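Raw entry34.csv, CSV, C-alpha atoms and all ligand atoms:
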```
chain,number,residue,atom,x,y,z
A,211,MET,CA,93.4,-7.9,57.5
A,212,LYS,CA,94.7,-7.5,61.0
A,213,GLN,CA,96.0,-4.1,60.1
A,214,PHE,CA,92.7,-3.2,58.7
A,215,TYR,CA,90.9,-4.0,62.0
A,216,THR,CA,93.6,-2.1,63.9
A,217,LEU,CA,92.9,0.9,61.7
A,218,LEU,CA,89.1,0.4,62.1
A,219,LEU,CA,89.5,0.3,65.9
A,220,LEU,CA,91.5,3.5,65.8
A,221,VAL,CA,88.9,5.3,63.7
A,222,VAL,CA,86.1,4.1,65.9
A,223,THR,CA,88.0,5.2,69.0
A,224,ILE,CA,88.6,8.6,67.6
A,225,THR,CA,85.0,9.0,66.6
A,226,VAL,CA,83.7,8.0,70.0
A,227,SER,CA,86.1,10.3,71.9
A,228,ALA,CA,85.0,13.2,69.7
A,229,GLN,CA,81.5,13.2,71.2
A,230,ILE,CA,80.4,15.0,74.3
A,231,PRO,CA,80.6,12.2,77.0
A,232,SER,CA,77.3,11.3,78.7
A,233,ASP,CA,78.8,12.0,82.1
A,234,TYR,CA,80.3,15.4,81.0
A,235,TYR,CA,78.1,17.4,83.4
A,236,ASP,CA,78.1,14.9,86.3
A,237,ASN,CA,80.1,17.4,88.5
A,238,ALA,CA,77.7,20.2,87.8
A,239,THR,CA,75.8,19.7,91.1
A,240,GLY,CA,75.4,23.2,92.5
A,241,THR,CA,73.2,26.2,91.8
A,242,GLY,CA,73.9,29.8,91.2
A,243,TYR,CA,77.5,30.9,90.9
A,244,THR,CA,78.7,27.6,92.4
A,245,LEU,CA,77.2,25.9,89.4
A,246,LYS,CA,78.9,28.5,87.1
A,247,THR,CA,82.3,27.7,88.5
A,248,GLN,CA,81.7,24.0,88.4
A,249,LEU,CA,80.9,24.4,84.7
A,250,LYS,CA,84.0,26.6,84.2
A,251,THR,CA,86.1,23.7,85.4
A,252,ILE,CA,84.3,21.2,83.3
A,253,ILE,CA,84.6,23.2,80.1
A,254,THR,CA,88.2,24.3,80.7
A,255,ASN,CA,89.4,20.7,81.2
A,256,GLY,CA,90.0,19.2,77.8
A,257,HIS,CA,89.8,22.6,75.9
A,258,VAL,CA,92.6,22.5,73.4
A,259,ASP,CA,93.4,25.9,71.9
A,260,HIS,CA,94.2,25.6,68.2
A,261,GLY,CA,95.1,29.3,68.1
A,262,TYR,CA,93.9,31.9,65.6
A,263,THR,CA,94.8,29.9,62.5
A,264,ASN,CA,93.1,28.8,59.4
A,265,SER,CA,92.0,25.7,61.2
A,266,LEU,CA,89.0,27.7,62.3
A,267,TYR,CA,88.0,28.1,58.7
A,268,VAL,CA,88.4,24.4,58.2
A,269,ALA,CA,86.3,23.7,61.3
A,270,TYR,CA,83.5,26.0,60.0
A,271,GLN,CA,83.0,23.5,57.1
A,272,THR,CA,81.4,21.3,59.7
A,273,SER,CA,80.3,23.7,62.5
A,274,ASP,CA,78.8,26.5,60.4
A,275,ASN,CA,77.6,24.9,57.2
A,276,ASP,CA,74.1,25.6,55.8
A,277,SER,CA,72.5,22.2,56.2
A,278,TYR,CA,69.4,23.8,57.6
A,279,TYR,CA,68.0,26.5,55.4
A,280,GLU,CA,69.0,26.4,51.7
A,281,ASN,CA,71.0,23.3,52.6
A,282,ASP,CA,73.5,24.3,49.9
A,283,ASN,CA,76.7,23.8,51.9
A,284,SER,CA,77.4,27.5,51.9
A,285,VAL,CA,78.7,29.2,55.0
A,286,LEU,CA,75.9,29.6,57.6
A,287,ASP,CA,76.3,33.3,58.4
A,288,MET,CA,73.9,34.6,61.1
A,289,TYR,CA,74.4,38.2,59.8
A,290,SER,CA,73.2,37.4,56.3
A,291,GLU,CA,71.1,34.2,56.5
A,292,ASN,CA,67.4,34.8,55.7
A,293,PRO,CA,65.7,31.9,57.4
A,294,SER,CA,62.4,32.3,55.5
A,295,ALA,CA,63.6,33.2,52.0
A,296,THR,CA,66.6,33.2,49.6
A,297,ASP,CA,69.7,34.7,51.1
A,298,PRO,CA,70.8,38.1,49.8
A,299,TYR,CA,74.3,36.5,49.1
A,300,ASN,CA,76.3,33.4,50.1
A,301,PHE,CA,79.9,32.5,50.7
A,302,ALA,CA,81.6,29.2,49.8
A,303,HIS,CA,83.8,27.8,52.5
A,304,ASP,CA,87.4,29.0,52.1
A,305,THR,CA,89.8,26.9,54.1
A,306,ASN,CA,92.7,29.2,53.1
A,307,GLY,CA,91.3,31.9,55.2
A,308,GLY,CA,91.6,34.5,52.5
A,309,SER,CA,95.3,34.0,51.9
A,310,ALA,CA,94.6,32.6,48.4
A,311,PRO,CA,91.7,33.5,46.1
A,312,GLY,CA,88.5,32.6,47.9
A,313,GLN,CA,85.7,34.2,49.7
A,314,ALA,CA,87.2,34.7,53.1
A,315,CYS,CA,88.6,38.2,53.8
A,316,GLY,CA,90.8,39.8,52.3
A,317,ASN,CA,89.3,43.3,52.1
A,318,TYR,CA,85.7,44.3,52.0
A,319,SER,CA,84.0,47.5,51.2
A,320,ILE,CA,80.3,46.5,51.0
A,321,GLU,CA,78.2,43.6,52.3
A,322,SER,CA,78.7,40.4,50.4
A,323,ASP,CA,82.4,41.0,49.5
A,324,CYS,CA,83.8,38.3,51.8
A,325,TYR,CA,83.3,36.7,55.2
A,326,ASN,CA,85.7,36.6,58.2
A,327,ARG,CA,85.6,35.7,61.9
A,328,GLU,CA,83.3,37.6,64.2
A,329,HIS,CA,84.2,37.6,68.0
A,330,LEU,CA,80.8,37.7,69.7
A,331,PHE,CA,82.7,38.9,72.8
A,332,PRO,CA,84.9,41.5,71.1
A,333,GLN,CA,88.6,40.6,70.9
A,334,GLY,CA,89.6,44.3,71.6
A,335,PHE,CA,88.4,43.8,75.2
A,336,PHE,CA,90.9,40.9,75.8
A,337,ASP,CA,93.7,42.3,73.7
A,338,SER,CA,93.3,39.5,71.1
A,339,GLN,CA,94.9,37.1,73.5
A,340,ASP,CA,94.7,33.3,73.3
A,341,PRO,CA,92.8,31.1,74.0
A,342,MET,CA,89.8,33.5,73.8
A,343,ARG,CA,90.7,34.7,70.3
A,344,GLY,CA,90.4,31.3,68.6
A,345,ASP,CA,87.6,29.8,70.7
A,346,ILE,CA,85.1,28.5,68.3
A,347,HIS,CA,82.3,28.7,70.8
A,348,HIS,CA,82.1,32.4,70.5
A,349,VAL,CA,84.0,33.0,67.2
A,350,VAL,CA,81.7,32.6,64.2
A,351,PRO,CA,81.9,33.2,60.4
A,352,THR,CA,80.1,36.3,59.3
A,353,ASP,CA,80.1,38.8,56.5
A,354,GLY,CA,83.1,41.1,56.9
A,355,ARG,CA,81.3,44.3,56.4
A,356,VAL,CA,78.5,43.5,58.9
A,357,ASN,CA,81.2,42.3,61.3
A,358,GLY,CA,82.8,45.7,61.0
A,359,PHE,CA,79.5,47.4,61.4
A,360,ARG,CA,78.8,45.6,64.6
A,361,ASN,CA,82.2,46.7,65.8
A,362,ASN,CA,82.6,46.2,69.6
A,363,TYR,CA,79.0,47.2,70.5
A,364,PRO,CA,77.1,44.9,72.9
A,365,PHE,CA,74.0,43.1,71.6
A,366,GLY,CA,70.6,44.6,72.4
A,367,LYS,CA,67.2,45.6,71.2
A,368,VAL,CA,67.4,48.6,68.8
A,369,GLY,CA,64.8,51.3,68.8
A,370,THR,CA,64.0,53.7,66.0
A,371,ASN,CA,67.3,55.7,66.3
A,372,LEU,CA,69.5,53.8,63.8
A,373,VAL,CA,73.2,54.5,63.3
A,374,SER,CA,74.2,55.0,59.7
A,375,GLN,CA,77.5,54.0,58.3
A,376,SER,CA,78.9,54.2,54.8
A,377,ASN,CA,78.6,51.2,52.4
A,378,ILE,CA,75.9,49.4,54.4
A,379,SER,CA,72.2,49.7,54.7
A,380,ASN,CA,70.6,49.8,58.2
A,381,PRO,CA,68.9,47.3,58.7
A,382,THR,CA,71.4,45.1,56.9
A,383,GLN,CA,70.3,42.9,54.0
A,384,ASN,CA,69.0,40.2,56.4
A,385,GLY,CA,67.6,42.7,58.9
A,386,SER,CA,70.3,42.9,61.5
A,387,LYS,CA,70.6,46.4,62.7
A,388,LEU,CA,72.7,48.9,64.8
A,389,GLY,CA,71.2,51.7,66.8
A,390,ASN,CA,70.3,53.1,70.3
A,391,SER,CA,69.3,50.4,72.8
A,392,ILE,CA,65.7,50.1,74.1
A,393,SER,CA,66.7,47.2,76.2
A,394,PRO,CA,65.9,48.1,79.8
A,395,GLY,CA,68.9,49.5,81.7
A,396,TYR,CA,71.0,50.5,78.7
A,397,THR,CA,70.7,53.4,76.3
A,398,GLY,CA,74.0,53.2,74.3
A,399,ILE,CA,74.5,51.8,70.8
A,400,VAL,CA,73.7,48.1,70.4
A,401,PHE,CA,73.7,45.5,67.6
A,402,GLU,CA,70.5,43.5,67.1
A,403,PRO,CA,70.7,40.2,65.1
A,404,ILE,CA,67.5,38.8,63.6
A,405,ASP,CA,65.1,36.8,65.8
A,406,GLU,CA,66.2,33.5,64.4
A,407,PHE,CA,69.7,33.8,65.9
A,408,LYS,CA,69.0,35.8,69.1
A,409,GLY,CA,69.1,32.7,71.3
A,410,ASP,CA,72.1,31.2,69.4
A,411,ILE,CA,74.1,34.4,70.0
A,412,ALA,CA,72.9,34.8,73.6
A,413,ARG,CA,74.0,31.2,74.5
A,414,MET,CA,77.5,31.8,72.9
A,415,VAL,CA,77.9,35.1,74.8
A,416,LEU,CA,76.9,33.4,78.0
A,417,TYR,CA,79.4,30.5,77.4
A,418,PHE,CA,82.1,33.2,77.4
A,419,ALA,CA,81.0,34.3,80.9
A,420,VAL,CA,81.6,30.8,82.2
A,421,ARG,CA,84.7,29.7,80.3
A,422,TYR,CA,86.6,33.0,81.1
A,423,GLU,CA,85.0,34.0,84.4
A,424,ASP,CA,88.4,34.4,86.1
A,425,ASN,CA,90.1,36.2,83.2
A,426,TRP,CA,88.3,39.6,83.1
A,427,ASN,CA,91.1,41.2,85.4
A,428,ASP,CA,94.1,39.7,83.5
A,429,SER,CA,96.7,42.0,82.1
A,430,GLY,CA,95.7,43.3,78.7
A,431,TRP,CA,92.0,43.0,79.3
A,432,SER,CA,90.2,46.4,79.0
A,433,SER,CA,88.7,47.9,82.1
A,434,HIS,CA,85.1,46.9,82.5
A,435,THR,CA,84.3,50.6,82.6
A,436,VAL,CA,85.4,51.4,79.1
A,437,ALA,CA,82.8,52.3,76.5
A,438,ASN,CA,80.7,49.4,75.1
A,439,ASN,CA,82.3,46.8,77.4
A,440,PRO,CA,79.5,44.8,79.0
A,441,LEU,CA,81.6,43.3,81.8
A,442,ASN,CA,80.7,44.3,85.4
A,443,GLY,CA,84.1,43.7,87.0
A,444,THR,CA,83.3,40.4,88.9
A,445,SER,CA,83.9,36.8,88.1
A,446,ASN,CA,80.5,35.6,89.4
A,447,GLN,CA,78.0,37.8,87.6
A,448,PHE,CA,80.5,38.6,84.9
A,449,TYR,CA,78.3,40.9,82.7
A,450,GLU,CA,76.3,43.9,83.7
A,451,THR,CA,72.8,43.2,85.0
A,452,TRP,CA,71.0,44.7,81.9
A,453,TYR,CA,73.1,42.5,79.7
A,454,VAL,CA,72.4,39.3,81.6
A,455,ASN,CA,68.7,40.1,81.4
A,456,LEU,CA,68.9,40.8,77.7
A,457,LEU,CA,70.7,37.6,77.0
A,458,TYR,CA,68.3,35.6,79.2
A,459,SER,CA,65.3,37.0,77.4
A,460,TRP,CA,66.8,36.1,74.0
A,461,HIS,CA,67.7,32.6,75.4
A,462,LEU,CA,64.0,32.2,76.3
A,463,GLN,CA,62.5,33.6,73.1
A,464,ASP,CA,64.7,31.6,70.7
A,465,GLY,CA,65.2,28.1,72.3
A,466,VAL,CA,68.0,25.7,71.4
A,467,SER,CA,67.8,24.5,67.8
A,468,GLN,CA,69.1,21.4,66.2
A,469,ARG,CA,71.7,23.4,64.4
A,470,GLU,CA,73.1,24.6,67.7
A,471,ILE,CA,73.2,21.1,69.0
A,472,ASP,CA,75.1,20.0,65.9
A,473,ARG,CA,77.4,23.0,66.1
A,474,ASN,CA,78.1,22.3,69.8
A,475,ASN,CA,79.1,18.7,68.9
A,476,ALA,CA,81.3,20.0,66.0
A,477,ALA,CA,82.9,22.5,68.4
A,478,TYR,CA,83.6,19.7,70.9
A,479,ALA,CA,85.2,17.6,68.2
A,480,TYR,CA,87.3,20.6,67.2
A,481,GLN,CA,88.6,21.8,70.6
A,482,GLY,CA,87.4,19.4,73.2
A,483,ASN,CA,84.9,21.4,75.2
A,484,ALA,CA,81.2,22.2,75.0
A,485,ASN,CA,78.7,25.0,75.6
A,486,PRO,CA,76.7,23.9,78.7
A,487,PHE,CA,73.7,26.2,77.8
A,488,ILE,CA,73.0,24.2,74.7
A,489,ASN,CA,73.0,20.9,76.5
A,490,HIS,CA,71.3,22.3,79.6
A,491,PRO,CA,69.3,25.5,78.8
A,492,GLU,CA,68.0,25.5,82.4
A,493,TYR,CA,71.5,26.4,83.7
A,494,VAL,CA,71.1,30.0,82.7
A,495,GLN,CA,68.3,30.7,85.1
A,496,SER,CA,69.9,28.6,87.8
A,497,ILE,CA,73.2,30.6,87.6
A,498,TRP,CA,71.9,34.1,87.4
A,499,ALA,CA,68.6,33.8,89.3
A,500,SER,CA,69.6,36.3,91.9
A,501,ILE,CA,69.8,39.2,89.4
A,502,LEU,CA,67.2,38.3,86.8
A,503,SER,CA,64.5,40.8,86.4
A,504,VAL,CA,61.8,39.8,88.9
A,505,ASP,CA,58.8,41.3,87.1
A,506,GLU,CA,59.5,39.4,83.9
A,507,PHE,CA,60.9,36.2,85.2
A,508,GLU,CA,59.8,35.3,88.7
A,509,THR,CA,57.4,32.6,87.5
A,510,VAL,CA,59.4,31.7,84.5
A,511,ASP,CA,59.3,28.0,85.3
A,512,VAL,CA,55.6,28.1,85.2
A,513,ILE,CA,54.7,30.8,82.6
A,514,LYS,CA,56.7,32.8,80.1
A,515,MET,CA,55.5,35.9,78.3
A,516,TYR,CA,57.6,37.5,75.6
A,517,PRO,CA,58.6,39.9,74.2
A,518,ASN,CA,58.0,42.2,77.1
A,519,PRO,CA,57.9,45.2,76.3
A,520,SER,CA,56.0,44.0,73.2
A,521,ASN,CA,57.1,44.8,69.7
A,522,GLY,CA,54.0,43.9,67.7
A,523,ASN,CA,50.3,42.9,68.0
A,524,THR,CA,50.9,39.7,69.9
A,525,VAL,CA,53.0,38.4,72.7
A,526,THR,CA,53.8,34.7,73.1
A,527,ILE,CA,52.7,32.8,76.3
A,528,VAL,CA,54.5,29.6,77.2
A,529,SER,CA,52.9,27.4,79.8
A,530,ARG,CA,52.6,23.7,80.7
A,531,GLU,CA,48.9,24.2,81.4
A,532,ASN,CA,46.0,25.7,79.5
A,533,LEU,CA,45.3,29.3,80.7
A,534,SER,CA,42.6,31.8,81.0
A,535,VAL,CA,44.3,35.2,80.5
A,536,GLU,CA,42.8,38.5,81.6
A,537,VAL,CA,44.4,41.8,80.8
A,538,TYR,CA,43.8,44.8,83.1
A,539,ASP,CA,44.8,48.4,82.8
A,540,VAL,CA,46.5,50.3,85.6
A,541,LEU,CA,43.2,51.4,87.0
A,542,GLY,CA,42.1,47.8,87.4
A,543,LYS,CA,39.6,47.8,84.5
A,544,LYS,CA,39.5,44.5,82.6
A,545,ILE,CA,40.4,45.2,79.0
A,546,LYS,CA,40.2,41.7,77.5
A,547,MET,CA,40.1,38.0,78.1
A,548,GLN,CA,41.5,35.1,76.0
A,549,ASN,CA,42.3,31.5,76.4
A,550,ILE,CA,45.8,30.2,75.8
A,551,THR,CA,46.7,26.7,74.9
A,552,SER,CA,49.9,25.0,73.6
A,553,SER,CA,48.6,25.3,70.0
A,554,GLN,CA,47.2,28.8,70.4
A,555,ASN,CA,49.8,30.6,72.5
A,556,LYS,CA,49.6,34.1,71.0
A,557,LEU,CA,47.9,36.7,73.2
A,558,ASN,CA,46.4,39.3,70.8
A,559,ILE,CA,47.1,42.8,72.1
A,560,SER,CA,46.4,44.7,68.9
A,561,GLY,CA,43.6,46.7,70.5
A,562,LEU,CA,45.6,48.0,73.4
A,563,SER,CA,47.2,51.4,73.4
A,564,LYS,CA,50.8,51.9,74.5
A,565,GLY,CA,51.4,51.5,78.2
A,566,LEU,CA,51.6,49.3,81.3
A,567,TYR,CA,49.1,46.5,81.8
A,568,LEU,CA,48.6,43.7,84.3
A,569,VAL,CA,48.1,40.2,82.9
A,570,ARG,CA,46.4,37.6,85.1
A,571,PHE,CA,47.0,34.0,84.2
A,572,THR,CA,44.6,31.4,85.7
A,573,SER,CA,45.0,27.7,85.3
A,574,ALA,CA,43.5,24.7,86.9
A,575,THR,CA,46.1,24.8,89.6
A,576,GLY,CA,46.3,28.5,90.5
A,577,SER,CA,46.9,32.0,89.2
A,578,THR,CA,49.6,34.6,88.9
A,579,THR,CA,49.9,38.2,87.6
A,580,LYS,CA,52.7,39.7,85.5
A,581,LYS,CA,53.3,43.2,84.2
A,582,LEU,CA,53.2,43.7,80.4
A,583,ILE,CA,54.4,46.8,78.6
A,584,LYS,CA,52.8,47.5,75.3
A,585,SER,CA,55.3,49.5,73.2
B,601,CA,CA,71.6,30.0,53.6
B,602,CA,CA,67.8,31.4,53.4
B,603,CA,CA,67.8,30.2,67.0
```

Rewrite the coordinates I just gave you, this time as structure tokens.
Ligand SMILES: [Ca+2]
Ligand SMILES: [Ca+2]
Ligand SMILES: [Ca+2]
Amino acid sequence: MKQFYTLLLLVVTITVSAQIPSDYYDNATGTGYTLKTQLKTIITNGHVDHGYTNSLYVAYQTSDNDSYYENDNSVLDMYSENPSATDPYNFAHDTNGGSAPGQACGNYSIESDCYNREHLFPQGFFDSQDPMRGDIHHVVPTDGRVNGFRNNYPFGKVGTNLVSQSNISNPTQNGSKLGNSISPGYTGIVFEPIDEFKGDIARMVLYFAVRYEDNWNDSGWSSHTVANNPLNGTSNQFYETWYVNLLYSWHLQDGVSQREIDRNNAAYAYQGNANPFINHPEYVQSIWASILSVDEFETVDVIKMYPNPSNGNTVTIVSRENLSVEVYDVLGKKIKMQNITSSQNKLNISGLSKGLYLVRFTSATGSTTKKLIKS
């Protein structure tokens, strides 16, 4: 019996130490890039690199399991999950990593053949070095063919000019697509995941900017000027301005979900560090405030309006207060007026032609004006 209690104590101790401690962020006291470096220290301490081994595939059984949509214990693959309907295909977890018959790659030729490990920050840019290569916070299981299709392109909003590749449809079977960027500040080719996972991916890519902020100039890393590389050649800002703004807009549009909180905890249990942006979403704005696009984000704490440019007949308004919203054209003519509340937060812009508008928000405590581009 004594041995039993010793064993029980051991198990309890291990379980407790596998959770993110409540004081984990106590030293994150600064703002801006000071905060970023404080977080880098916090998430570097305790980070145990398990290398690029099949242990990642084992960890995915916990960290990337579909307990949220079909709830069928298949691999939760952000490049093939259909959040509102049956998935086009599914993969069973394969802890052998493809070295024995299973559903991990292996070889693929079309979507649905097998899954493998997608580096959201491409491993080609850091010469597949450790510990970046096996860092579960930015390495996720995805369909092998879509992973290859994404290649090393940055993420971004795709316009109408799609890039075709053999053996894959564009958009892919869950709607992820590759094509020319319409994200402000970048016109190259980008990969756009579906809306459900835009924030998930943005927070993982931003994690990389913190954990590896000092490593961009290490030997083996590609120059920040090579094609498709979103680095800007500094430790502080880390990514090019357009990319930070893109990731920030996706972070706002698609807030932290329970599955990300669970994934962050599973990742902490696996390798001993956490993604700060899942526990503290507000850190993103605090760190990069000096470069975030002023037109879109200056009053972000008070009112958010997205997407902007719009991509449909409504834009979403997020505010702590009820608002009266007026839309003006560039000549100052009032086009429409609508009330916005927490339960009715969609501004209908279906009657507006394409172009620039000024949107005035008035609440009980004041008013502010933002630009809106109808696209
Ligand atoms: Ca699913
Ligand atoms: Ca589904
Ligand atoms: Ca999400």

Original post:
What does the distance between atom CA of A:Gly354 and atom CA of A:Lys367 come to in Å, to one decimal place?
Top reply: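 According to the coordinates, atom CA of A:Gly354 and atom CA of A:Lys367 are separated by 21.9 Å.
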
Subject >> Selected residue of minimal separation from ligand CA 603 (chain B) among A:Pro341, A:Gly358, A:Pro293, A:Pro351, counting all atoms listed in the file >> reply: A:Pro293

Applying 12 Å and all atoms listed in the file, which residues near A:Ile488 remain after dropping the ones on its own chain fewer than 3 positions away? List them as a PDB file with C-alpha atoms, in the frame of the given file.
```pdb
ATOM      1  CA  ILE A 230      80.400  15.000  74.300  1.00  0.00           C
ATOM      2  CA  HIS A 347      82.300  28.700  70.800  1.00  0.00           C
ATOM      3  CA  GLY A 409      69.100  32.700  71.300  1.00  0.00           C
ATOM      4  CA  ASP A 410      72.100  31.200  69.400  1.00  0.00           C
ATOM      5  CA  ILE A 411      74.100  34.400  70.000  1.00  0.00           C
ATOM      6  CA  ALA A 412      72.900  34.800  73.600  1.00  0.00           C
ATOM      7  CA  ARG A 413      74.000  31.200  74.500  1.00  0.00           C
ATOM      8  CA  MET A 414      77.500  31.800  72.900  1.00  0.00           C
ATOM      9  CA  VAL A 415      77.900  35.100  74.800  1.00  0.00           C
ATOM     10  CA  LEU A 416      76.900  33.400  78.000  1.00  0.00           C
ATOM     11  CA  TYR A 417      79.400  30.500  77.400  1.00  0.00           C
ATOM     12  CA  HIS A 461      67.700  32.600  75.400  1.00  0.00           C
ATOM     13  CA  ASP A 464      64.700  31.600  70.700  1.00  0.00           C
ATOM     14  CA  GLY A 465      65.200  28.100  72.300  1.00  0.00           C
ATOM     15  CA  VAL A 466      68.000  25.700  71.400  1.00  0.00           C
ATOM     16  CA  SER A 467      67.800  24.500  67.800  1.00  0.00           C
ATOM     17  CA  GLN A 468      69.100  21.400  66.200  1.00  0.00           C
ATOM     18  CA  ARG A 469      71.700  23.400  64.400  1.00  0.00           C
ATOM     19  CA  GLU A 470      73.100  24.600  67.700  1.00  0.00           C
ATOM     20  CA  ILE A 471      73.200  21.100  69.000  1.00  0.00           C
ATOM     21  CA  ASP A 472      75.100  20.000  65.900  1.00  0.00           C
ATOM     22  CA  ARG A 473      77.400  23.000  66.100  1.00  0.00           C
ATOM     23  CA  ASN A 474      78.100  22.300  69.800  1.00  0.00           C
ATOM     24  CA  ASN A 475      79.100  18.700  68.900  1.00  0.00           C
ATOM     25  CA  ALA A 477      82.900  22.500  68.400  1.00  0.00           C
ATOM     26  CA  ALA A 484      81.200  22.200  75.000  1.00  0.00           C
ATOM     27  CA  ASN A 485      78.700  25.000  75.600  1.00  0.00           C
ATOM     28  CA  PRO A 491      69.300  25.500  78.800  1.00  0.00           C
ATOM     29  CA  GLU A 492      68.000  25.500  82.400  1.00  0.00           C
ATOM     30  CA  TYR A 493      71.500  26.400  83.700  1.00  0.00           C
ATOM     31  CA  VAL A 494      71.100  30.000  82.700  1.00  0.00           C
TER      32      VAL A 494
END
```

Subject >> Atomic separation - atom CA of A:Asn446 relative to atom CA of A:Glu423, Å >> reply: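 These two atoms are separated by 6.9 Å.
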
Subject >> Test item: residues lying within 6 Å of ligand CA 602 (chain B) with only C-alpha atoms and all ligand atoms, as a list in words >> reply: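 Residues satisfying the distance criterion: Tyr279, Glu280, Glu291, Asn292, Pro293, Ser294, Ala295, Thr296 and Asp297 of chain A.
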
**OP:** Scan for residues within 12 Å of the point (39.3, 44.5, 80.9) in the coordinates of the file, using all atoms listed in the file, and reply as a list in words.
**Re:**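 Protein and nucleic acid residues near the point are Val535, Glu536, Val537, Tyr538, Asp539, Val540, Leu541, Gly542, Lys543, Lys544, Ile545, Lys546, Met547, Gln548, Ile559, Gly561, Leu562, Tyr567, Leu568, Val569 and Arg570 of chain A.
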
Subject >> Which of A:Gly482, A:Gly522, A:Pro517, A:Pro298 sits closest to A:Asp345 [using only C-alpha atoms] >> reply: A:Gly482

Original post:
Counting only C-alpha atoms and all ligand atoms, which of A:Ala419, A:Pro403, A:Thr572, A:Asn371 gets nearest to ligand CA 603 (chain B)?
Top reply: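 Checking each of A:Ala419, A:Pro403, A:Thr572, A:Asn371 against ligand CA 603 (chain B), counting only C-alpha atoms and all ligand atoms, the winner is A:Pro403.
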
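For the pair atom CA of A:Gly385 and atom CA of A:Gly316, the separation is 24.3 Å.
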
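With distances taken over all atoms listed in the file, A:Thr305 is the one residue among A:Val528, A:Leu533, A:Thr305, A:Phe571 lying closest to A:Val268.
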
For A:Tyr234, work out the shell of residues within 12 Å, counting all atoms listed in the file and skipping chain neighbours fewer than 2 positions away, then give it as a PDB file with C-alpha atoms, keeping the file's coordinate frame.
```
ATOM      1  CA  SER A 227      86.100  10.300  71.900  1.00  0.00           C
ATOM      2  CA  GLN A 229      81.500  13.200  71.200  1.00  0.00           C
ATOM      3  CA  ILE A 230      80.400  15.000  74.300  1.00  0.00           C
ATOM      4  CA  PRO A 231      80.600  12.200  77.000  1.00  0.00           C
ATOM      5  CA  SER A 232      77.300  11.300  78.700  1.00  0.00           C
ATOM      6  CA  ASP A 236      78.100  14.900  86.300  1.00  0.00           C
ATOM      7  CA  ASN A 237      80.100  17.400  88.500  1.00  0.00           C
ATOM      8  CA  ALA A 238      77.700  20.200  87.800  1.00  0.00           C
ATOM      9  CA  THR A 239      75.800  19.700  91.100  1.00  0.00           C
ATOM     10  CA  GLN A 248      81.700  24.000  88.400  1.00  0.00           C
ATOM     11  CA  LEU A 249      80.900  24.400  84.700  1.00  0.00           C
ATOM     12  CA  THR A 251      86.100  23.700  85.400  1.00  0.00           C
ATOM     13  CA  ILE A 252      84.300  21.200  83.300  1.00  0.00           C
ATOM     14  CA  ILE A 253      84.600  23.200  80.100  1.00  0.00           C
ATOM     15  CA  THR A 254      88.200  24.300  80.700  1.00  0.00           C
ATOM     16  CA  ASN A 255      89.400  20.700  81.200  1.00  0.00           C
ATOM     17  CA  GLY A 256      90.000  19.200  77.800  1.00  0.00           C
ATOM     18  CA  TYR A 478      83.600  19.700  70.900  1.00  0.00           C
ATOM     19  CA  GLY A 482      87.400  19.400  73.200  1.00  0.00           C
ATOM     20  CA  ASN A 483      84.900  21.400  75.200  1.00  0.00           C
ATOM     21  CA  ALA A 484      81.200  22.200  75.000  1.00  0.00           C
ATOM     22  CA  ASN A 485      78.700  25.000  75.600  1.00  0.00           C
ATOM     23  CA  PRO A 486      76.700  23.900  78.700  1.00  0.00           C
ATOM     24  CA  ASN A 489      73.000  20.900  76.500  1.00  0.00           C
ATOM     25  CA  HIS A 490      71.300  22.300  79.600  1.00  0.00           C
TER      26      HIS A 490
END
```

Original post:
Leaving out stretch 378-380 of chain A and any residue of its chain fewer than 6 positions from it, which residues lie within 8 Å of it when counting only C-alpha atoms, given as a ChimeraX atom specification?
Top reply: /A:320-321,355-356,372,386-388

Subject >> Within 9 Å of A:Val349 using all atoms listed in the file, minus same-chain residues under 2 positions, as a PyMOL selection string >> reply: chain A and resi 266+327-331+342-347+351+414

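Minimum atom-to-atom distances from A:Ala476, A:Ile583, A:Pro332, A:Tyr396 to A:Gln271 were compared using only C-alpha atoms, and the lowest value belongs to A:Ala476.
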
Original post:
Taking into account all atoms listed in the file, which residue in the set A:Ser573, A:Gln554, A:Ser391, A:Ser432 is nearest to A:Gly334?
Top reply: A:Ser432

**OP:** Find the residues near A:Asn300: any atom within 9 Å, counting all atoms listed in the file, skip ones fewer than 4 places away on the same chain, and give them as a PyMOL selection string.
**Re:** chain A and resi 284-287+290-291+322

**OP:** List every protein, DNA or RNA residue that has at least one atom no more than 12 Å from (57.0, 45.7, 77.4) in the file's coordinates, counting only C-alpha atoms, and write the result as a PyMOL selection string.
**Re:** chain A and resi 367+392-394+505-506+515-525+559+564-569+580-585

Final N, CA and C atoms of stretch 426-430 of chain A as a JSON list (two decimals), keeping the file's coordinate frame:
```
[["chain", "number", "residue", "atom", "x", "y", "z"],
["A", 426, "TRP", "N", 88.70, 38.25, 83.43],
["A", 426, "TRP", "CA", 88.30, 39.60, 83.10],
["A", 426, "TRP", "C", 89.37, 40.63, 83.68],
["A", 427, "ASN", "N", 90.11, 40.24, 84.75],
["A", 427, "ASN", "CA", 91.10, 41.20, 85.40],
["A", 427, "ASN", "C", 92.50, 40.89, 84.97],
["A", 428, "ASP", "N", 92.70, 39.99, 84.00],
["A", 428, "ASP", "CA", 94.10, 39.70, 83.50],
["A", 428, "ASP", "C", 94.68, 40.90, 82.85],
["A", 429, "SER", "N", 96.01, 40.90, 82.80],
["A", 429, "SER", "CA", 96.70, 42.00, 82.10],
["A", 429, "SER", "C", 96.30, 41.98, 80.64],
["A", 430, "GLY", "N", 96.11, 43.15, 80.09],
["A", 430, "GLY", "CA", 95.70, 43.30, 78.70],
["A", 430, "GLY", "C", 94.23, 43.42, 78.48]]
```
